[in-house]
$ cat my_file.tsv   # TSV, C-alpha atoms
chain	number	residue	atom	x	y	z
A	1039	MET	CA	0.00	0.00	0.00
A	1040	LEU	CA	2.80	2.36	0.93
A	1041	GLU	CA	4.60	1.46	-2.26
A	1042	ALA	CA	1.45	2.04	-4.30
A	1043	THR	CA	0.97	5.49	-2.75
A	1044	ARG	CA	4.59	6.32	-3.35
A	1045	PHE	CA	4.35	5.24	-6.96
A	1046	LYS	CA	1.27	7.36	-7.49
A	1047	LEU	CA	3.03	10.43	-6.02
A	1048	ILE	CA	6.10	9.95	-8.16
A	1049	HIS	CA	3.94	9.39	-11.18
A	1050	SER	CA	2.01	12.60	-10.58
A	1051	ASP	CA	5.25	14.56	-10.05
A	1052	GLU	CA	6.54	13.34	-13.39
A	1053	LYS	CA	3.25	14.18	-15.09
A	1054	PHE	CA	3.43	17.79	-13.93
A	1055	MET	CA	7.15	18.06	-14.72
A	1056	LEU	CA	6.32	17.07	-18.29
A	1057	GLU	CA	3.97	20.07	-18.36
A	1058	ALA	CA	6.78	22.29	-17.08
A	1059	LEU	CA	9.02	20.87	-19.82
A	1060	LYS	CA	6.47	21.95	-22.43
A	1061	GLU	CA	6.88	25.49	-21.11
A	1062	ALA	CA	10.67	25.18	-21.21
A	1063	ARG	CA	10.43	24.26	-24.90
A	1064	LYS	CA	8.36	27.39	-25.56
A	1065	ALA	CA	11.13	29.50	-24.00
A	1066	GLY	CA	13.77	27.74	-26.11
A	1067	LYS	CA	11.85	28.41	-29.31
A	1068	LYS	CA	11.91	32.11	-28.45
A	1069	GLY	CA	15.70	32.03	-27.98
A	1070	GLU	CA	15.40	32.15	-24.19
A	1071	VAL	CA	17.19	29.80	-21.80
A	1072	PRO	CA	14.67	26.91	-21.77
A	1073	VAL	CA	13.22	26.80	-18.28
A	1074	GLY	CA	9.52	26.19	-17.64
A	1075	ALA	CA	7.22	26.06	-14.65
A	1076	VAL	CA	3.62	25.22	-13.73
A	1077	VAL	CA	1.57	25.79	-10.59
A	1078	VAL	CA	-0.67	22.90	-9.56
A	1079	LYS	CA	-3.71	23.02	-7.28
A	1080	ASP	CA	-6.05	20.13	-6.49
A	1081	GLY	CA	-4.29	17.96	-9.06
A	1082	LYS	CA	-4.70	20.47	-11.88
A	1083	VAL	CA	-2.33	22.89	-13.62
A	1084	ILE	CA	-3.68	26.36	-12.83
A	1085	SER	CA	-0.91	28.44	-14.39
A	1086	ARG	CA	2.13	28.16	-16.62
A	1087	GLY	CA	5.22	30.23	-17.22
A	1088	HIS	CA	8.51	30.21	-19.05
A	1089	ASN	CA	11.66	32.24	-18.95
A	1090	LEU	CA	11.40	35.56	-20.82
A	1091	THR	CA	14.48	37.41	-19.57
A	1092	GLU	CA	15.80	38.46	-22.99
A	1093	ARG	CA	12.47	39.20	-24.63
A	1094	LYS	CA	11.24	41.34	-21.75
A	1095	GLN	CA	14.72	42.63	-20.83
A	1096	THR	CA	14.17	42.21	-17.13
A	1097	ALA	CA	15.85	39.69	-14.88
A	1098	LEU	CA	12.59	39.33	-13.00
A	1099	VAL	CA	10.62	37.10	-15.38
A	1100	HIS	CA	12.08	33.72	-14.70
A	1101	ALA	CA	9.68	30.84	-15.39
A	1102	GLU	CA	8.75	30.52	-11.71
A	1103	MET	CA	7.92	34.22	-11.37
A	1104	ALA	CA	5.69	34.14	-14.44
A	1105	ALA	CA	3.82	31.04	-13.21
A	1106	LEU	CA	3.45	32.40	-9.66
A	1107	ALA	CA	2.15	35.77	-10.87
A	1108	LYS	CA	-0.45	34.08	-13.09
A	1109	ALA	CA	-1.53	31.73	-10.30
A	1110	SER	CA	-2.07	34.68	-7.94
A	1111	LYS	CA	-4.04	36.48	-10.62
A	1112	LYS	CA	-6.20	33.43	-11.22
A	1113	LEU	CA	-6.88	32.78	-7.53
A	1114	LYS	CA	-7.12	36.53	-6.80
A	1115	SER	CA	-4.76	36.03	-3.88
A	1116	TRP	CA	-1.04	36.38	-3.23
A	1117	ARG	CA	-1.30	33.42	-0.85
A	1118	LEU	CA	-0.87	30.18	-2.78
A	1119	ASN	CA	-1.08	27.92	0.28
A	1120	ASP	CA	-2.47	24.78	-1.32
A	1121	CYS	CA	-0.45	25.05	-4.48
A	1122	ASP	CA	2.66	23.23	-5.65
A	1123	LEU	CA	5.23	24.63	-8.08
A	1124	TYR	CA	6.94	22.43	-10.66
A	1125	VAL	CA	9.98	23.90	-12.42
A	1126	THR	CA	12.50	22.28	-14.74
A	1127	LEU	CA	15.57	23.93	-13.14
A	1128	GLU	CA	16.55	24.46	-9.50
A	1129	PRO	CA	15.30	27.96	-8.58
A	1130	CYS	CA	17.73	30.86	-8.07
A	1131	THR	CA	17.72	32.97	-4.90
A	1132	MET	CA	15.04	35.33	-6.19
A	1133	CYS	CA	12.70	32.55	-7.26
A	1134	ALA	CA	13.29	30.49	-4.11
A	1135	GLY	CA	12.41	33.60	-2.11
A	1136	ALA	CA	9.29	34.18	-4.21
A	1137	VAL	CA	8.20	30.57	-3.64
A	1138	ILE	CA	8.45	31.10	0.12
A	1139	LEU	CA	6.69	34.49	0.01
A	1140	SER	CA	3.84	33.03	-2.05
A	1141	ARG	CA	3.36	30.31	0.60
A	1142	ILE	CA	3.75	27.51	-1.94
A	1143	ARG	CA	3.25	24.09	-0.29
A	1144	HIS	CA	5.69	21.96	-2.25
A	1145	LEU	CA	8.44	22.95	-4.67
A	1146	VAL	CA	9.43	20.27	-7.18
A	1147	TYR	CA	12.33	20.85	-9.56
A	1148	GLY	CA	14.16	18.88	-12.22
A	1149	ALA	CA	17.80	19.66	-12.99
A	1150	ASP	CA	20.29	21.11	-10.52
A	1151	ASP	CA	21.73	24.56	-11.23
A	1152	PRO	CA	25.30	24.48	-9.89
A	1153	LYS	CA	25.88	28.16	-10.80
A	1154	ALA	CA	22.81	29.84	-9.33
A	1155	GLY	CA	20.53	27.25	-7.71
A	1156	ALA	CA	19.56	28.35	-4.22
A	1157	VAL	CA	17.72	25.29	-2.93
A	1158	ASP	CA	20.74	23.01	-2.75
A	1159	SER	CA	23.61	24.10	-5.04
A	1160	THR	CA	24.86	27.56	-4.00
A	1161	ALA	CA	22.63	28.06	-0.94
A	1162	ARG	CA	19.82	26.38	0.97
A	1163	VAL	CA	17.25	29.12	1.09
A	1164	MET	CA	14.37	26.75	1.87
A	1165	GLU	CA	16.09	25.68	5.06
A	1166	ASN	CA	16.14	29.19	6.57
A	1167	GLY	CA	14.42	28.41	9.86
A	1168	LYS	CA	14.07	32.11	10.73
A	1169	LEU	CA	11.40	32.68	8.08
A	1170	ASN	CA	7.72	32.28	8.96
A	1171	HIS	CA	6.88	29.84	6.16
A	1172	ARG	CA	8.57	26.58	5.23
A	1173	VAL	CA	8.36	25.03	1.81
A	1174	LYS	CA	8.96	21.34	1.21
A	1175	ALA	CA	11.40	20.93	-1.70
A	1176	THR	CA	12.12	17.93	-3.92
A	1177	GLY	CA	14.73	17.94	-6.67
A	1178	GLY	CA	15.72	15.56	-9.46
A	1179	ILE	CA	12.30	14.80	-10.96
A	1180	LEU	CA	12.93	14.05	-14.67
A	1181	ARG	CA	16.42	15.40	-14.10
A	1182	GLU	CA	17.79	13.98	-17.36
A	1183	GLU	CA	15.10	15.47	-19.58
A	1184	CYS	CA	15.28	18.84	-17.81
A	1185	SER	CA	19.09	18.94	-18.19
A	1186	ARG	CA	19.10	17.75	-21.78
A	1187	ILE	CA	16.91	20.58	-23.04
A	1188	LEU	CA	19.31	23.09	-21.42
A	1189	SER	CA	22.51	21.50	-22.69
A	1190	GLY	CA	20.98	21.22	-26.18
A	1191	PHE	CA	20.14	24.91	-26.13
A	1192	PHE	CA	23.64	25.98	-25.11
A	1193	ARG	CA	25.22	23.62	-27.66
A	1194	GLU	CA	23.21	25.32	-30.39
A	1195	ILE	CA	24.29	28.76	-29.17
A	1196	ARG	CA	27.95	27.73	-29.25
A	1197	LYS	CA	27.53	26.34	-32.77
A	1198	LYS	CA	26.00	29.60	-33.99
A	1199	ALA	CA	28.75	31.62	-32.30
A	1200	LYS	CA	31.45	29.78	-34.27
B	377	MET	CA	39.69	65.67	1.69
B	378	LEU	CA	38.86	62.09	2.57
B	379	GLU	CA	36.38	63.33	5.17
B	380	ALA	CA	34.83	65.73	2.67
B	381	THR	CA	34.38	62.92	0.14
B	382	ARG	CA	32.95	60.68	2.80
B	383	PHE	CA	30.52	63.35	3.90
B	384	LYS	CA	29.41	63.90	0.32
B	385	LEU	CA	28.77	60.16	-0.13
B	386	ILE	CA	26.76	59.90	3.08
B	387	HIS	CA	24.86	63.02	2.16
B	388	SER	CA	23.95	61.61	-1.25
B	389	ASP	CA	22.84	58.30	0.29
B	390	GLU	CA	20.48	60.20	2.58
B	391	LYS	CA	19.16	62.28	-0.28
B	392	PHE	CA	18.17	59.19	-2.25
B	393	MET	CA	16.79	57.45	0.81
B	394	LEU	CA	14.46	60.43	1.27
B	395	GLU	CA	13.20	59.74	-2.26
B	396	ALA	CA	12.62	56.09	-1.32
B	397	LEU	CA	10.72	57.30	1.77
B	398	LYS	CA	8.39	59.32	-0.47
B	399	GLU	CA	7.54	56.06	-2.24
B	400	ALA	CA	7.00	54.32	1.10
B	401	ARG	CA	4.45	57.01	2.02
B	402	LYS	CA	2.60	56.38	-1.26
B	403	ALA	CA	2.31	52.69	-0.34
B	404	GLY	CA	1.04	53.57	3.16
B	405	LYS	CA	-1.65	55.85	1.74
B	406	LYS	CA	-2.91	52.90	-0.31
B	407	GLY	CA	-3.10	50.71	2.80
B	408	GLU	CA	0.02	48.77	1.84
B	409	VAL	CA	2.95	48.11	4.18
B	410	PRO	CA	4.94	51.34	3.60
B	411	VAL	CA	8.15	50.33	1.85
B	412	GLY	CA	9.61	52.35	-1.00
B	413	ALA	CA	12.56	52.09	-3.37
B	414	VAL	CA	14.37	54.06	-6.06
B	415	VAL	CA	17.02	53.10	-8.61
B	416	VAL	CA	19.79	55.66	-9.11
B	417	LYS	CA	22.14	56.00	-12.09
B	418	ASP	CA	24.72	58.75	-12.63
B	419	GLY	CA	23.44	60.58	-9.59
B	420	LYS	CA	19.82	60.65	-10.77
B	421	VAL	CA	16.70	58.71	-9.80
B	422	ILE	CA	15.73	56.71	-12.91
B	423	SER	CA	12.86	54.69	-11.43
B	424	ARG	CA	10.65	54.46	-8.37
B	425	GLY	CA	8.55	51.74	-6.80
B	426	HIS	CA	6.48	50.98	-3.74
B	427	ASN	CA	4.96	47.90	-2.21
B	428	LEU	CA	1.68	46.85	-3.88
B	429	THR	CA	1.23	43.32	-2.51
B	430	GLU	CA	-2.38	43.75	-1.39
B	431	ARG	CA	-3.59	45.90	-4.26
B	432	LYS	CA	-2.12	43.60	-6.90
B	433	GLN	CA	-2.63	40.41	-4.87
B	434	THR	CA	0.76	39.03	-5.73
B	435	ALA	CA	3.70	38.60	-3.38
B	436	LEU	CA	6.00	39.58	-6.24
B	437	VAL	CA	5.50	43.36	-6.28
B	438	HIS	CA	7.63	44.46	-3.38
B	439	ALA	CA	8.98	48.01	-3.72
B	440	GLU	CA	12.37	46.77	-4.96
B	441	MET	CA	10.83	44.58	-7.67
B	442	ALA	CA	8.70	47.45	-8.97
B	443	ALA	CA	11.67	49.83	-9.08
B	444	LEU	CA	13.97	47.25	-10.72
B	445	ALA	CA	11.39	46.36	-13.38
B	446	LYS	CA	10.88	50.03	-14.26
B	447	ALA	CA	14.63	50.68	-14.39
B	448	SER	CA	15.10	47.77	-16.83
B	449	LYS	CA	12.24	49.04	-18.95
B	450	LYS	CA	13.74	52.55	-19.03
B	451	LEU	CA	17.25	51.35	-19.88
B	452	LYS	CA	15.91	48.62	-22.18
B	453	SER	CA	18.21	46.14	-20.46
B	454	TRP	CA	17.96	43.60	-17.68
B	455	ARG	CA	21.54	44.43	-16.72
B	456	LEU	CA	21.60	47.37	-14.32
B	457	ASN	CA	25.37	47.36	-13.83
B	458	ASP	CA	25.95	51.02	-13.03
B	459	CYS	CA	22.83	51.43	-10.96
B	460	ASP	CA	22.30	51.61	-7.21
B	461	LEU	CA	19.11	50.60	-5.40
B	462	TYR	CA	17.84	52.52	-2.36
B	463	VAL	CA	15.10	50.86	-0.31
B	464	THR	CA	13.61	51.83	3.04
B	465	LEU	CA	13.55	48.26	4.43
B	466	GLU	CA	16.13	45.47	4.34
B	467	PRO	CA	15.26	43.32	1.29
B	468	CYS	CA	13.74	39.85	1.68
B	469	THR	CA	15.25	36.77	0.01
B	470	MET	CA	13.36	37.31	-3.25
B	471	CYS	CA	14.35	40.96	-3.54
B	472	ALA	CA	17.95	40.35	-2.49
B	473	GLY	CA	18.10	37.69	-5.22
B	474	ALA	CA	16.57	40.09	-7.75
B	475	VAL	CA	19.15	42.75	-6.84
B	476	ILE	CA	21.96	40.28	-7.56
B	477	LEU	CA	20.36	39.03	-10.80
B	478	SER	CA	19.90	42.59	-12.04
B	479	ARG	CA	23.63	43.25	-11.45
B	480	ILE	CA	22.93	46.24	-9.22
B	481	ARG	CA	26.19	47.89	-8.11
B	482	HIS	CA	25.29	49.05	-4.61
B	483	LEU	CA	22.31	48.22	-2.43
B	484	VAL	CA	21.48	50.79	0.24
B	485	TYR	CA	18.71	50.13	2.76
B	486	GLY	CA	17.23	51.87	5.78
B	487	ALA	CA	15.58	49.83	8.53
B	488	ASP	CA	16.44	46.23	9.39
B	489	ASP	CA	13.78	43.55	8.88
B	490	PRO	CA	14.35	41.00	11.66
B	491	LYS	CA	11.53	38.74	10.35
B	492	ALA	CA	12.37	38.49	6.65
B	493	GLY	CA	15.48	40.56	5.86
B	494	ALA	CA	17.96	38.49	3.86
B	495	VAL	CA	20.96	40.82	3.75
B	496	ASP	CA	21.82	40.63	7.43
B	497	SER	CA	18.86	39.59	9.62
B	498	THR	CA	17.67	36.08	8.65
B	499	ALA	CA	20.33	35.32	6.02
B	500	ARG	CA	23.29	36.92	4.23
B	501	VAL	CA	22.35	36.40	0.62
B	502	MET	CA	24.73	39.09	-0.65
B	503	GLU	CA	27.67	37.20	0.79
B	504	ASN	CA	27.06	34.06	-1.27
B	505	GLY	CA	30.50	33.73	-2.85
B	506	LYS	CA	29.30	31.01	-5.24
B	507	LEU	CA	27.23	33.45	-7.33
B	508	ASN	CA	28.80	35.21	-10.32
B	509	HIS	CA	27.92	38.74	-9.24
B	510	ARG	CA	28.60	40.50	-5.96
B	511	VAL	CA	26.59	43.46	-4.71
B	512	LYS	CA	27.94	45.90	-2.15
B	513	ALA	CA	25.35	46.41	0.58
B	514	THR	CA	24.97	49.18	3.15
B	515	GLY	CA	22.24	49.24	5.80
B	516	GLY	CA	21.03	51.75	8.36
B	517	ILE	CA	20.76	54.88	6.16
B	518	LEU	CA	17.97	57.01	7.74
B	519	ARG	CA	17.14	53.95	9.82
B	520	GLU	CA	14.96	55.91	12.28
B	521	GLU	CA	12.76	57.51	9.63
B	522	CYS	CA	12.42	54.26	7.70
B	523	SER	CA	11.42	52.36	10.87
B	524	ARG	CA	9.06	55.07	12.13
B	525	ILE	CA	6.87	55.01	9.02
B	526	LEU	CA	6.50	51.22	9.42
B	527	SER	CA	5.75	51.24	13.15
B	528	GLY	CA	3.24	54.08	12.62
B	529	PHE	CA	1.46	52.06	9.96
B	530	PHE	CA	1.16	48.95	12.13
B	531	ARG	CA	0.05	51.03	15.13
B	532	GLU	CA	-2.81	52.45	13.02
B	533	ILE	CA	-3.80	48.94	11.89
B	534	ARG	CA	-3.93	47.71	15.48
B	535	LYS	CA	-6.03	50.75	16.49
B	536	LYS	CA	-8.53	50.04	13.71
B	537	ALA	CA	-8.69	46.37	14.63
B	538	LYS	CA	-9.77	47.21	18.20

$ encode --input "my_file.tsv" --output "structure tokens"
Amino acid sequence: MLEATRFKLIHSDEKFMLEALKEARKAGKKGEVPVGAVVVKDGKVISRGHNLTERKQTALVHAEMAALAKASKKLKSWRLNDCDLYVTLEPCTMCAGAVILSRIRHLVYGADDPKAGAVDSTARVMENGKLNHRVKATGGILREECSRILSGFFREIRKKAK
Amino acid sequence: MLEATRFKLIHSDEKFMLEALKEARKAGKKGEVPVGAVVVKDGKVISRGHNLTERKQTALVHAEMAALAKASKKLKSWRLNDCDLYVTLEPCTMCAGAVILSRIRHLVYGADDPKAGAVDSTARVMENGKLNHRVKATGGILREECSRILSGFFREIRKKAK
């Protein structure tokens, strides 16, 4: 029974990460670093977002920020207590902070970001016990797929630069 | 000469913090927690922002985020390399992360935020040596004035709640 429950959870995490990957592909097609995110409530995707840093020329529209803003708009509340965020790449400091501020219940990410990730790689923002909200975080869901889309994107950029 | 230069620098920090305080007052008048920010380039304020969390119902429009977004729009670039950010309250994790991402040169803040401040109070995000950009941070500029506007706001709220 425990195993069955666990399998179901993992399965649902992968299902939503595939949705986040769809968003990452949209970013890649626009020439943006391919990172995507979705917010999930009651087993349904309620908002989607992808990285638009170059197109919008602001560092503030990472995939997570776009998805969180849309979720708040949809629910007409900045408190996203019963919502989970799925994102293809480990969130940076800004996004990790936004996840906490928005009172997200569970953060699920795919690939690690050794250069800027702030959940595990360069810092452990989620483990700051002094803050008044704690977010459960799980990394490595569809890690390979989430990494591959990024490495493919950067390979293409290097090719074009030659 | 050194003292004169130092005095000039302090003086200019206070001048810009007074501009950030004007923004904080705008937030307070709208019933928002009174925090304000300005972005300064070449000795001039190029953008202003104040907290709009309740009005916009998203946790993502802290004063700093609003000011940074407007500065990027004005300069048509997400890189704010030669810009300084003045904010009346110590930035939270999200905003501290956004300041780093935006490549701000110098962060200047007024009051400490013992509950959520991520520059010195609950974490030291700016001192994360693993990130590829470092931001100089200075706190305590017009600390009294920046604190007073916040404590006045919360006192009023408590009065109304009685």

$ residues_around --input "my_file.tsv" --residues "Phe529 of chain B" --least-positions-apart "4" --cutoff "7 Å" --atoms "all atoms listed in the file" --output "PyMOL selection string"
chain B and resi 404+525+533

$ closest_atom_pairs --input "my_file.tsv" --of "chain A" --to "chain B" --cutoff "10 Å" --atoms "only C-alpha atoms" --output "tab-separated table"
residue	atom	partner	partner_atom	distance
A:Thr1091	CA	B:Trp454	CA	7.3
A:Glu1092	CA	B:Trp454	CA	7.7
A:Arg1093	CA	B:Trp454	CA	9.9
A:Lys1094	CA	B:Trp454	CA	8.2
A:Gln1095	CA	B:Trp454	CA	4.6
A:Thr1096	CA	B:Trp454	CA	4.1
A:Ala1097	CA	B:Trp454	CA	5.3
A:Leu1098	CA	B:Ala474	CA	6.6
A:Val1099	CA	B:Ala445	CA	9.5
A:Met1103	CA	B:Leu436	CA	7.7
A:Ala1104	CA	B:Leu436	CA	9.8
A:Leu1106	CA	B:Thr434	CA	8.2
A:Ala1107	CA	B:Thr434	CA	6.2
A:Lys1108	CA	B:Thr434	CA	9.0
A:Ala1109	CA	B:Thr434	CA	8.9
A:Ser1110	CA	B:Thr434	CA	5.6
A:Lys1111	CA	B:Gln433	CA	7.1
A:Leu1113	CA	B:Gln433	CA	9.1
A:Lys1114	CA	B:Gln433	CA	6.2
A:Ser1115	CA	B:Gln433	CA	5.0
A:Trp1116	CA	B:Thr434	CA	4.1
A:Arg1117	CA	B:Ala435	CA	7.6
A:Leu1118	CA	B:Thr434	CA	9.5
A:Cys1130	CA	B:Gly473	CA	7.4
A:Thr1131	CA	B:Gly473	CA	4.7
A:Met1132	CA	B:Met470	CA	3.9
A:Cys1133	CA	B:Met470	CA	6.3
A:Ala1134	CA	B:Met470	CA	6.9
A:Gly1135	CA	B:Met470	CA	4.0
A:Ala1136	CA	B:Met470	CA	5.2
A:Val1137	CA	B:Met470	CA	8.5
A:Ile1138	CA	B:Met470	CA	8.6
A:Leu1139	CA	B:Ala435	CA	6.1
A:Ser1140	CA	B:Ala435	CA	5.7
A:Arg1141	CA	B:Ala435	CA	9.2
A:Pro1152	CA	B:Lys506	CA	9.0
A:Lys1153	CA	B:Leu507	CA	6.5
A:Ala1154	CA	B:Leu507	CA	6.0
A:Gly1155	CA	B:Leu507	CA	9.1
A:Ala1156	CA	B:Gly473	CA	9.5
A:Ser1159	CA	B:Lys506	CA	9.0
A:Thr1160	CA	B:Lys506	CA	5.8
A:Ala1161	CA	B:Asn504	CA	7.5
A:Val1163	CA	B:Thr469	CA	8.0
A:Asn1166	CA	B:Thr498	CA	7.4
A:Gly1167	CA	B:Thr498	CA	8.4
A:Lys1168	CA	B:Thr498	CA	5.7
A:Leu1169	CA	B:Ala492	CA	6.1
A:Asn1170	CA	B:Lys491	CA	7.6

$ closest_residue --input "my_file.tsv" --among "A:Val1073, A:Glu1128, A:Ala1105, A:Val1146" --to "Lys1053 of chain A" --atoms "all atoms listed in the file"
A:Val1146

$ residues_near_point --input "my_file.tsv" --point "(15.3, 56.6, 10.0)" --cutoff "12 Å" --atoms "all atoms listed in the file" --output "VMD selection string"
chain B and resid 390 393 to 394 396 to 397 463 to 465 485 to 488 515 to 527

$ closest_residue --input "my_file.tsv" --among "B:Ile480, B:Val421, B:Ala439, B:Leu428" --to "Gly407 of chain B" --atoms "only C-alpha atoms"
B:Leu428

$ closest_residue --input "my_file.tsv" --among "B:His482, B:Arg534, B:Val495, B:Asn427" --to "Lys406 of chain B" --atoms "all atoms listed in the file"
B:Asn427

$ atom_distance --input "my_file.tsv" --atom1 "atom CA of Val414 of chain B" --atom2 "atom CA of Tyr462 of chain B"
5.3 Å

$ closest_residue --input "my_file.tsv" --among "A:Asp1151, A:Lys1174, A:His1100, A:Lys1079" --to "Lys1112 of chain A" --atoms "only C-alpha atoms"
A:Lys1079

$ axis_aligned_box --input "my_file.tsv" --around "segment 515-531 of chain B" --padding-each-side "5 Å" --output "JSON"
{"center_x": 11.1, "center_y": 53.2, "center_z": 10.5, "size_x": 32.2, "size_y": 18.6, "size_z": 19.3}

$ atom_distance --input "my_file.tsv" --atom1 "atom CA of Val1173 of chain A" --atom2 "atom CA of Val1077 of chain A"
14.2 Å

$ decode --input "my_file.tsv" --residues "segment 1127-1138 of chain A" --atoms "N, CA and C atoms" --output "mmCIF file, in the first residue's frame"
data_model
loop_
_atom_site.group_PDB
_atom_site.id
_atom_site.type_symbol
_atom_site.label_atom_id
_atom_site.label_comp_id
_atom_site.auth_asym_id
_atom_site.auth_seq_id
_atom_site.Cartn_x
_atom_site.Cartn_y
_atom_site.Cartn_z
ATOM 1 N N LEU A 1127 14.219 23.651 -13.652
ATOM 2 C CA LEU A 1127 15.568 23.928 -13.140
ATOM 3 C C LEU A 1127 15.492 24.399 -11.688
ATOM 4 N N GLU A 1128 16.468 24.015 -10.904
ATOM 5 C CA GLU A 1128 16.546 24.457 -9.503
ATOM 6 C C GLU A 1128 16.421 25.987 -9.425
ATOM 7 N N PRO A 1129 15.508 26.509 -8.642
ATOM 8 C CA PRO A 1129 15.299 27.959 -8.576
ATOM 9 C C PRO A 1129 16.520 28.723 -8.050
ATOM 10 N N CYS A 1130 16.689 29.950 -8.567
ATOM 11 C CA CYS A 1130 17.728 30.858 -8.071
ATOM 12 C C CYS A 1130 17.246 31.480 -6.758
ATOM 13 N N THR A 1131 18.066 32.346 -6.187
ATOM 14 C CA THR A 1131 17.722 32.967 -4.897
ATOM 15 C C THR A 1131 16.404 33.744 -4.988
ATOM 16 N N MET A 1132 16.265 34.543 -6.039
ATOM 17 C CA MET A 1132 15.040 35.333 -6.193
ATOM 18 C C MET A 1132 13.808 34.430 -6.233
ATOM 19 N N CYS A 1133 13.876 33.408 -7.081
ATOM 20 C CA CYS A 1133 12.696 32.548 -7.261
ATOM 21 C C CYS A 1133 12.421 31.715 -6.006
ATOM 22 N N ALA A 1134 13.470 31.243 -5.360
ATOM 23 C CA ALA A 1134 13.287 30.494 -4.110
ATOM 24 C C ALA A 1134 12.608 31.389 -3.077
ATOM 25 N N GLY A 1135 13.031 32.642 -3.021
ATOM 26 C CA GLY A 1135 12.406 33.599 -2.114
ATOM 27 C C GLY A 1135 10.949 33.848 -2.469
ATOM 28 N N ALA A 1136 10.668 33.948 -3.760
ATOM 29 C CA ALA A 1136 9.289 34.176 -4.215
ATOM 30 C C ALA A 1136 8.391 32.986 -3.878
ATOM 31 N N VAL A 1137 8.943 31.800 -3.976
ATOM 32 C CA VAL A 1137 8.205 30.574 -3.643
ATOM 33 C C VAL A 1137 7.802 30.595 -2.158
ATOM 34 N N ILE A 1138 8.732 31.017 -1.319
ATOM 35 C CA ILE A 1138 8.449 31.102 0.123
ATOM 36 C C ILE A 1138 7.401 32.186 0.393
#
